[in-house]
Amino acid sequence: MTTSSQRSSNIELLRILAMFLVLVQHANFLGIGTPYTVECLAAPGNTFVRFLVQCLSFVAVDVFVLISGWFGIKPTLKKLFSLLFQVLFFTISILLIFGLVKGFGAIHLKSVFKAFMITKCYWFVKSYICLFILSPVLNAFVGKASKRTFEIVLICFFAFQTIYGWSDSAPEFNYGASVVAFCGLYLLARYLRLYPISFLSREKLCVLSYLGLSLVLAFFIWFLVRMDFHTEYAVKITFSHVNPVIILSSVALLMAFVNIDMPCSKAINWIAASAFAVYIIHINGFIFRYFQDAVWHIYSNYPVALRSILILCFLAVVFMACVLLDKIRIFVWQKIDKTLLKRLNI
């Protein structure tokens with residue numbers, strides 16, 4: 001999204017963690033499957049741990065948007081083109097590779113549309129691009145509004161979002177998978193950066209808040225599912241990006257890393273610069289089915305103690321493979337930047 005050289009390594013480390021948590025949550029509920037009442041009754045300990053893991057990892061998307069808000073998006077055409085190029089580089093490359101391996105006759109028109117994000121796939125990318133486009137408006141508000149006006153807007157926004165967005169009676173929020181929710185998170189992070197809150201400067205308190213909120217939420221949803229109390233709806237609103245507990249957990253995790261004092265690390269920044277590629281590659285429709293199959297194979301064929309380690313190792317391999325592949329994209333983009341964009345004065 002933006003270059004890691006402009007960022008502090010503590011936040012870049014959070015970016016890496018957040019992307020790994022995206023892999024974890026996808027492996028947990030999309031790879032293994034959401035645990036429901038029968039499983040909760042048959043294996044209460046295992047299902048509670050899985051709910052806890054999902055609560056700990058589900059904050060990742062909100063954290064990514066909060067990071068953008070913390071630093072503030074400084075939109076330029078070059079940055080927008082860079083983001084679009086990163087996405088299209090991988091979606092089109094994967095489409096072509098799949099066509100060469102399986103035969104282009106196996107590629108449906110819908111797959112082509114997916115490569116250009118014309119379907120509902122890559123919702124995060126499209127919401128983030130829209131946030132990027134709207135960021136000058138949000139930045140102008142932040143620059144002109146008084147602290148009191150800023151607070152009133154945030155309170156009213158999150159009250160409205162919690163009542164109507166969380167219940168899905170305002171569909172434009174789409175359980176937080178929308179630019180509307182992203183704008184709220186962006187403004188919240190800008191406020192926290194401009195007007196520090198004293199208790200959020202305590203690193204241990206932030207970590208404990210993140211862990212504690214996740215634990216409470218995990219017990220809450222585990223209990224509801226175990227009791228078979230409106231299970232489908234309970235799972236949907238619990239694992240929603242507009243769930244106020246998820247938002248508070250995300251803020252706590254962000255502030256925990258903000259408060260870490262660490263020197264600049266070239267290794268961390270190098271990895272973080274390609275973290276977004278992990279999402280783009282692994283969630284691709286041609287790739288994700290194999291990701292799910294691999295996770296399910298490990299989960300169903302190995303004992304409990306070993307399978308958790310193996311799944312984490314598998315996710316680490318996926319992460320680093322995507323990072324290394326993205327270095328090819330960065331090399332190509334640098335060539336385009338030097339030869340084309342500079343000539344066009346972009």
# chains A, B, ... in the order shown; residues from 1 in each chain; ligands from 1

$ residues_around --residues "segment 78-94 of chain A" --least-positions-apart "4" --cutoff "9 Å" --atoms "only C-alpha atoms" --output "list of chain:residue names"
A:Met1, A:Thr2, A:Lys74, A:Phe98, A:Gly99, A:Val112, A:Lys114, A:Ala115, A:Phe116, A:Met117, A:Val125, A:Ile129, A:Phe132, A:Ile133, A:Phe276, A:Ala277, A:Ile280, A:Ile281, A:Asn284, A:Phe286, A:Ile287, A:Asp326, A:Arg329, A:Ile330, A:Trp333, A:Asp337, A:Leu341, A:Ile346

$ closest_atom_pairs --of "segment 130-160 of chain A" --to "segment 164-188 of chain A" --cutoff "10 Å" --atoms "only C-alpha atoms" --output "Markdown table"
| residue | atom | partner | partner_atom | distance |
| --- | --- | --- | --- | --- |
| A:Cys130 | CA | A:Val179 | CA | 6.4 |
| A:Leu131 | CA | A:Val179 | CA | 6.0 |
| A:Phe132 | CA | A:Val179 | CA | 9.6 |
| A:Leu134 | CA | A:Cys183 | CA | 8.5 |
| A:Ser135 | CA | A:Cys183 | CA | 8.4 |
| A:Leu138 | CA | A:Leu187 | CA | 7.3 |
| A:Asn139 | CA | A:Leu187 | CA | 8.6 |
| A:Phe141 | CA | A:Leu187 | CA | 9.3 |
| A:Val142 | CA | A:Leu187 | CA | 7.7 |
| A:Phe150 | CA | A:Leu187 | CA | 8.6 |
| A:Glu151 | CA | A:Leu188 | CA | 9.2 |
| A:Val153 | CA | A:Leu187 | CA | 9.3 |
| A:Leu154 | CA | A:Leu188 | CA | 6.9 |
| A:Ile155 | CA | A:Leu188 | CA | 9.8 |
| A:Phe157 | CA | A:Gly184 | CA | 7.0 |
| A:Phe158 | CA | A:Gly184 | CA | 7.4 |
| A:Ala159 | CA | A:Tyr164 | CA | 8.5 |
| A:Phe160 | CA | A:Tyr164 | CA | 5.8 |

$ closest_atom_pairs --of "segment 21-78 of chain A" --to "segment 291-302 of chain A" --cutoff "10 Å" --atoms "only C-alpha atoms" --output "CSV"
residue,atom,partner,partner_atom,distance
A:Leu23,CA,A:Phe291,CA,9.7
A:His26,CA,A:Gln292,CA,8.3
A:Ala27,CA,A:Val295,CA,6.2
A:Asn28,CA,A:Val295,CA,8.4
A:Phe29,CA,A:Gln292,CA,9.9
A:Leu30,CA,A:Gln292,CA,7.0
A:Gly31,CA,A:Gln292,CA,4.3
A:Ile32,CA,A:Trp296,CA,5.4
A:Gly33,CA,A:Trp296,CA,8.8

$ write_last_selection --atoms "N, CA and C atoms" --output "tab-separated table (two decimals), in the first residue's frame"
chain	number	residue	atom	x	y	z
A	23	LEU	N	-4.20	-15.06	7.55
A	23	LEU	CA	-4.01	-16.46	7.17
A	23	LEU	C	-4.60	-17.40	8.22
A	26	HIS	N	-8.44	-17.43	8.09
A	26	HIS	CA	-8.91	-18.13	6.89
A	26	HIS	C	-8.68	-19.63	7.02
A	27	ALA	N	-7.57	-20.01	7.63
A	27	ALA	CA	-7.31	-21.44	7.84
A	27	ALA	C	-8.30	-22.02	8.84
A	28	ASN	N	-8.63	-21.26	9.86
A	28	ASN	CA	-9.47	-21.74	10.96
A	28	ASN	C	-10.91	-21.98	10.53
A	29	PHE	N	-11.60	-20.93	10.10
A	29	PHE	CA	-13.03	-21.07	9.80
A	29	PHE	C	-13.32	-21.39	8.33
A	30	LEU	N	-12.47	-20.92	7.41
A	30	LEU	CA	-12.70	-21.21	6.00
A	30	LEU	C	-12.01	-22.50	5.55
A	31	GLY	N	-10.90	-22.84	6.20
A	31	GLY	CA	-10.19	-24.07	5.86
A	31	GLY	C	-10.75	-25.28	6.59
A	32	ILE	N	-10.89	-25.15	7.90
A	32	ILE	CA	-11.38	-26.27	8.72
A	32	ILE	C	-12.90	-26.27	8.79
A	33	GLY	N	-13.47	-25.06	8.86
A	33	GLY	CA	-14.92	-24.95	8.97
A	33	GLY	C	-15.34	-24.36	10.30

$ residues_around --residues "Gly143 of chain A" --least-positions-apart "6" --cutoff "12 Å" --atoms "only C-alpha atoms" --output "MDAnalysis selection string"
chainID A and resid 72 135:137 149:150 187 190:191 194

$ closest_atom_pairs --of "segment 261-319 of chain A" --to "segment 47-61 of chain A" --cutoff "12 Å" --atoms "only C-alpha atoms" --output "JSON lines"
{"residue": "A:Phe276", "atom": "CA", "partner": "A:Val61", "partner_atom": "CA", "distance": 11.3}
{"residue": "A:Tyr279", "atom": "CA", "partner": "A:Val61", "partner_atom": "CA", "distance": 10.7}
{"residue": "A:Val304", "atom": "CA", "partner": "A:Val49", "partner_atom": "CA", "distance": 11.7}
{"residue": "A:Ser308", "atom": "CA", "partner": "A:Arg50", "partner_atom": "CA", "distance": 10.7}

$ write_last_selection --atoms "C-alpha atoms" --output "CSV table (one decimal), in the first residue's frame"
chain,number,residue,atom,x,y,z
A,276,PHE,CA,-0.3,-7.2,1.2
A,279,TYR,CA,-3.7,-11.5,0.9
A,304,VAL,CA,-4.2,-32.4,18.0
A,308,SER,CA,-1.6,-27.1,15.2

$ closest_residue --among "A:Pro196, A:Tyr122, A:Ala218, A:Ile107" --to "Ile283 of chain A" --atoms "only C-alpha atoms"
A:Tyr122

$ residues_around --residues "Leu13 of chain A" --least-positions-apart "3" --cutoff "12 Å" --atoms "only C-alpha atoms" --output "PyMOL selection string"
chain A and resi 4+7-10+16-20+64+67+253-254+256-258+260-273+275

$ write_last_selection --atoms "C-alpha atoms" --output "PDB file, in the first residue's frame"
ATOM      1  CA  SER A   4       7.662   0.498   4.413  1.00  0.00           C
ATOM      2  CA  ARG A   7       7.121   3.532   8.420  1.00  0.00           C
ATOM      3  CA  SER A   8       8.457   2.652  11.849  1.00  0.00           C
ATOM      4  CA  SER A   9       9.525  -0.960  12.247  1.00  0.00           C
ATOM      5  CA  ASN A  10       7.216  -1.476  15.241  1.00  0.00           C
ATOM      6  CA  ILE A  16       3.297  -8.574   9.342  1.00  0.00           C
ATOM      7  CA  LEU A  17       1.437  -9.965  12.354  1.00  0.00           C
ATOM      8  CA  ALA A  18      -1.903  -8.723  11.038  1.00  0.00           C
ATOM      9  CA  MET A  19      -1.374 -10.400   7.676  1.00  0.00           C
ATOM     10  CA  PHE A  20      -0.354 -13.642   9.353  1.00  0.00           C
ATOM     11  CA  PHE A  64      -4.798  -2.749   8.612  1.00  0.00           C
ATOM     12  CA  ILE A  67      -2.590   1.572  10.490  1.00  0.00           C
ATOM     13  CA  LEU A 253      -3.458  -4.198  19.473  1.00  0.00           C
ATOM     14  CA  LEU A 254      -2.537  -1.138  17.405  1.00  0.00           C
ATOM     15  CA  ALA A 256       0.345  -1.980  21.973  1.00  0.00           C
ATOM     16  CA  PHE A 257       2.670  -1.870  18.958  1.00  0.00           C
ATOM     17  CA  VAL A 258       2.668   1.928  18.787  1.00  0.00           C
ATOM     18  CA  ILE A 260       6.922  -0.501  21.442  1.00  0.00           C
ATOM     19  CA  ASP A 261      10.262   1.269  21.207  1.00  0.00           C
ATOM     20  CA  MET A 262      12.355  -0.621  18.693  1.00  0.00           C
ATOM     21  CA  PRO A 263      15.133   0.347  16.277  1.00  0.00           C
ATOM     22  CA  CYS A 264      14.599   0.373  12.530  1.00  0.00           C
ATOM     23  CA  SER A 265      14.877  -3.149  11.138  1.00  0.00           C
ATOM     24  CA  LYS A 266      15.600  -3.566   7.442  1.00  0.00           C
ATOM     25  CA  ALA A 267      14.477  -7.201   7.612  1.00  0.00           C
ATOM     26  CA  ILE A 268      11.086  -6.341   9.131  1.00  0.00           C
ATOM     27  CA  ASN A 269      10.533  -3.488   6.693  1.00  0.00           C
ATOM     28  CA  TRP A 270      11.571  -5.694   3.762  1.00  0.00           C
ATOM     29  CA  ILE A 271       9.008  -8.351   4.677  1.00  0.00           C
ATOM     30  CA  ALA A 272       6.273  -5.841   5.544  1.00  0.00           C
ATOM     31  CA  ALA A 273       6.634  -4.122   2.161  1.00  0.00           C
ATOM     32  CA  ALA A 275       2.707  -8.274   3.290  1.00  0.00           C
TER      33      ALA A 275
END

$ closest_residue --among "A:Ala252, A:Arg193, A:Ser274, A:Ser127" --to "Phe71 of chain A" --atoms "only C-alpha atoms"
A:Arg193

$ residues_around --residues "Phe199 of chain A" --least-positions-apart "2" --cutoff "12 Å" --atoms "only C-alpha atoms" --output "list of chain:residue names"
A:Leu192, A:Pro196, A:Ile197, A:Ser201, A:Arg202, A:Glu203, A:Lys204, A:Leu205, A:Cys206, A:Ser209, A:Ala252, A:Met255, A:Ala256, A:Asn259

$ write_last_selection --atoms "C-alpha atoms" --output "compact mmCIF listing (two decimals), in the first residue's frame"
# COMPACT_ATOMS: atom_id res chain seq x y z
CA LEU A 192 -5.95 8.69 18.41
CA PRO A 196 -3.38 10.84 22.58
CA ILE A 197 -5.29 9.10 25.36
CA SER A 201 0.13 4.69 26.18
CA ARG A 202 0.59 1.71 28.50
CA GLU A 203 1.84 -1.18 26.42
CA LYS A 204 0.99 -3.96 28.92
CA LEU A 205 -2.51 -2.60 29.46
CA CYS A 206 -3.13 -2.59 25.71
CA SER A 209 -7.04 -5.50 26.84
CA ALA A 252 -5.72 -2.14 21.76
CA MET A 255 -1.64 0.90 20.49
CA ALA A 256 0.35 -1.98 21.97
CA ASN A 259 4.12 1.93 22.30

$ select_by_dssp --residues "segment 3-108 of chain A" --states "alpha helix (DSSP H)" --output "count of residues only"
75
